[in-house]
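Working notes, structure below.
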Amino acid sequence: MWLVKVLSVIYFTACAAQTSDGYTSTPIYDPPKPSLKLLSSWSDVFENETVVFHCDVHSPDWTVSWFVDGEKLETDLILKADGAYINITAYEGEYACRADLTSRGVRSGLSNTVSITVYDNAPTAMLTKFPHFNPMYVGETVNLICKVYLSSGWKYQWYKNGIELQTTKETNSIHLSFSDRGTYQCKAFRGETITTDISEGIKQDVLEIPVPTLNSTWSDVFPSESVELGCAMDGGADWVYTWYKHGHEVQADDVDSLGSNGATLSIRSASAKHKGEYTCKGKLNNRPVSSNFSPGLTLSVYDEKPSVTLTKDREYNVMFPGESVSFHCHIGVSSGWKYKWFKDGVPFNAPGNTYSLNTVGTANSGSYSCQAERGVDKLFFNSSSQAIRLEVKGSQPKPLLTQVPDVVKVYTGEFVSFKCKVELSSGWRYQWYKDGNHLPSNSDILTIDGAKPVNGGTYKCSATRDITMYNTSHSDGRTIQVSEIPVPSLKSAQPWLDVFPGESVKLSCGMAGGADWTFSWFKDKQLVQADSTTSFDSDAATLSISSASASHRGQYSCSGKLKSRPVVSSTFSHGLTLSVYGSQPKPLLTQVPDVVKVYTGESVSFKCKVELSSGWRYQWYKDGNHLLSNSDILTIDGTKLLNAGTYKCSATRDITMYNTSHSDGRTIQVSEIPVPSLKSVKPWLDVFPGESVKLSCGMAGDADWTFSWFKDKQLVQADSTTSFNVDAATLSISSASASHRGQYSCLGKLKSRPVVSSTFSHGLTLSVYGSQPKPLLTQVPDVVKVYTGESVSFKCKVELSSGWRYQWYKDGNHLLSNSDSLTINGTKPLNAGTYKCSATRDITMYNTSHSDGRTIQVSEIPVPSLKSAQPWLDVFPGESVKLSCGMAGGADWTFSWFKDKQLVQADSTTSFDSDAATLSISSASASHRGQYSCSGKLKSRPVVSSTFSHGLTLSVYDTKPRVTLMQNPIHNVMHTEDSVSFSCHINVSSGWKYLWLKDGKLLPESGNNHTIKSVETKTTGSYQCKTQRGSDAVFSSDPSPVVKLDVKERPQAGIALLTGWSEVFSTDSLVLRCEVHESPDMWNYTWFKAGQHIDLPPSEKHIVTPLNNPEQSEYTCRGISTGRPSYSRNSDSFQTKNLLLKRRVLLSISGCIFFGIIAVFLGCIFLRVFRKPADDKDKPGEAELFLTMSQLRKLDDTTCPMVQYITDAELNAPPKEADENGTICSETTQLPITSQDEQVVESEIEDVTEKNGGLISFK
């Protein structure tokens, strides 16, 4: 019993260790001290600038208070407060913070202090430059430094010429080019509120590195001559120079020396080795600036000294007083020469290389020479020039004037030449004078070509030096008289100039005013030469032809020529035309009356005449028989039929008996008087009332007749409507009526001869209608509506009679057409209207009434309208195409189709409907590419559209279109709940319908986008899309490349309880941990309470206290990651209701059970030791004091009270399986925990219950 008492005491001592409220005692800690940190980068700030502080208390349960200089910070200075962070407008002072745990009345001490300095005004940025040169040269580097010497954390903004530059560095380093010229400024800024003023500007000029200039007094020198070369740079003197010859640097030696900075290269004594091209380069002292080479200067060194040449600019051997002369001393090479002058070997002073004498005198005569030199320190001389002699005469010269020909009298057109000459010296320019007047000629010869009377007079000359203008005296005069050349006079020795072959002819030629002439003879302007029949006298003054022939025919003239001078008469004499007949003359036979046909009883007279010459006697012949008559006239009175025949005549010269040939014959025919012939002037004899009529009467073979008229054998007299013309050959009726009907006839009489017809003409019967006719108007085509360009023809016809001329009218206006047809070729809208016609006899001008009207409407030929049956014109091989062509306003059209203006023909792939209104291409190919157009034509009329329709260009691609499938986002692996979108693209054309396939099976989606808002594992598969278009014939593209989508389950977060059993009695809070299982990625976590996000920074752990969880809510968490997946599934909910209390109760019961078992165990041992055992056979069967675990598991019909308390059936309902099977009441019975919170408790209990809590049955 005492053991039981001891164990009871131990047990109750353990139970008494608990406090009266069920909690164990908690250790007491000092509140933590906050740590204050300045998160802004600087502690010295400017007015209105903000700073950010962080008060670190290592727990989100503390409330932070802020202090400055020991006083609590005013809330109006706080711009933003977020737990342990504040953003404030800067206020100078010492800042600190303090933390309060208001739920437990705990307050920390003040944190460390942070000092803030606040300046009143923003500082000014200072801009400096290094190096300090200005200007600088291209290629140099300049550093611009912008600095704010107050505070820190500045960034800088640069400006060039007021324009912002893209750099924020403190130092702006620029490798200079021309574009970098300008004025630079800067300013500093930090944060979003503080900006300094813009600095003062620094101007930077940039220059191109100058090219050195190379100079020398001269570049060609002579042996032993000194020369100096200079090198210079623009823009400053701070340069040093280096010299090069042929690219090699020149070094100073005993002959060549350099100036102090190398600006000069001096050669003391030039020689052949100094020949070559010299260049120089410049370099700035103490700066990395070097120029390019200067342009080269080539130094030439001659082999020997130069020679000097002396010239005289007046190349006159002799000069005269008052003239001027200049001597020039010249060296043909190099430059820089000075000259010395000598006369007769004696030097005299004269500047330069020219010595001039403006007025020479005899004292200036002498021998002149010169010499040249150059150089300063060391003079260089050459040899003297050759000498030039100057001679000056003392008296004025007089020219000599000569004349050719040397005569006083000359003829017009004759050539006269004068020559003027000064015997002394040269260089003369001559002046000429006629009768004292100056002539415009400077030559020494004055020529008169073709003298005229005005050229007569006295001529003189003088001379002037062409440079010195020195004048001679005038020459002696020469006088000439100019006369016109006389015209020759031509005469004939016989009184006739028409001769017959064999006759002699004599002609004479003479000149008035002189006998010293010879003559030339011309026939038809050709010179006549003497021959067997032609001869001349001594001076050819007479031309004789002994026997004329045909070769002597022509116009004869003559000209004269002076025997001693080349003077020829300017014109021929007047011409005499000599006619020489080529054959025997023939008489001309005339007849009165001059007719072939004569009537019986008439008189006829013939006359014979020889037109050439005179003295003729005539003979007559009839039909070759000689008639007895010598007169030139033969008369026949009262002709008879036997007088008909051919008559001729001939003539004989009275003196020479020269006979002509026979005349041409004159034949007469003797006829009876003819019967008159009656005709109508108009081709009709049926006329209308009021129409005019004309009949004509004529006689065959002659028109010289007058006539008499008869109607029905009665003589017709003139009256108001009937008249005759002058010879009554025409009968005119001005206005026909019924009284003029009848048969008309006529008789004729010759006017000039007494011949009258013996019988009437035949008769003509005239008919007169009773009323005015009306034309019939017809039209082709017989339509009202016609098209522009179409031809329309109207025809007007009068059914009665003939001879009509037609008039046309449009809308009452007369048209210019007289034909019976009116054709409008190429109608236009202005041709529309009502057309009528009327007719007029083309001779009588008789008018019909107007016809009935025909109206036409003219419309523009419509332009064909070309349409595509499909909304696209870019197609693919094998795709069908349909184009349609139509005309507005009618259907009676057929069409033609054109591709690129070439006619399209039907073939295996191209077809047309009945009227070709539709062009169908069954399978497009490259050959169908081009611009299509169409034209229309009326079926029934030749009307074709004047213009093609607008073109439609058909493009046919080479291959089928390529379909592209894109996925967004592009991830090889997706996770459940992700959203994915597929877009299907086709790169060409339009009108596409999109089809979607998954694993080759068609999906119901349409459109070019397919979006899965929340993927599932069953979404995994291969996706494709393709396109199609068209209705009658569907064209489909090939499917797109496959896009594979792999969907995996999104990992799930789980909540674990970190607060252990050992902390049950020492804490009031629970620490939960969120973890994503089966994922190697790095995760962060967000927490949710009762489904609402907890506004705390993401953390793996979350602390639950009675203060922040008074209602004991459900908690969940979610993992978030920067990788994929970016978040996990939410964890199962974790419920915290009375979890700490339950743990404490469980531990207390467990402790009591533990100590009770120890006590029972010790009691059993005690009984075993001190109790005497009974005999085995007497011993009753013992009941097992301790049950084994297997025995306990069999007791499944009893509920454990501890389990009932811990699980709280209302909060955590047991699973269905537990309700059906019951709960084993044993130490190893697992609590039916349904939340993650209780699973944590379960896991901790397992350590206690394992192996029966460490107890085994005594058995």
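Going by the structure tokens order, chains are called A, B, ..., each with residues numbered from 1, while ligands are numbered from 1 in the order shown.
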
- Neighbours of Ile202 in chain A within 12 Å (only C-alpha atoms; same-chain residues fewer than 4 positions away dropped), as number ranges by chain? A: 126-130, 132-135, 142-146, 158-162, 181-186, 198

- Please provide the set of residues having any atom within 8 Å of range 769-783 of chain A, restricted to only C-alpha atoms, with same-chain residues fewer than 4 positions apart removed, written as a PyMOL selection string. chain A and resi 686-689+792-800+836-839+848-854+856

- Polymer residues at most 7 Å from range 444-458 of chain A, only C-alpha atoms, same-chain spacing of 2 or more positions, as a PyMOL selection string: chain A and resi 411-421+430+434-435+442+460+477-483
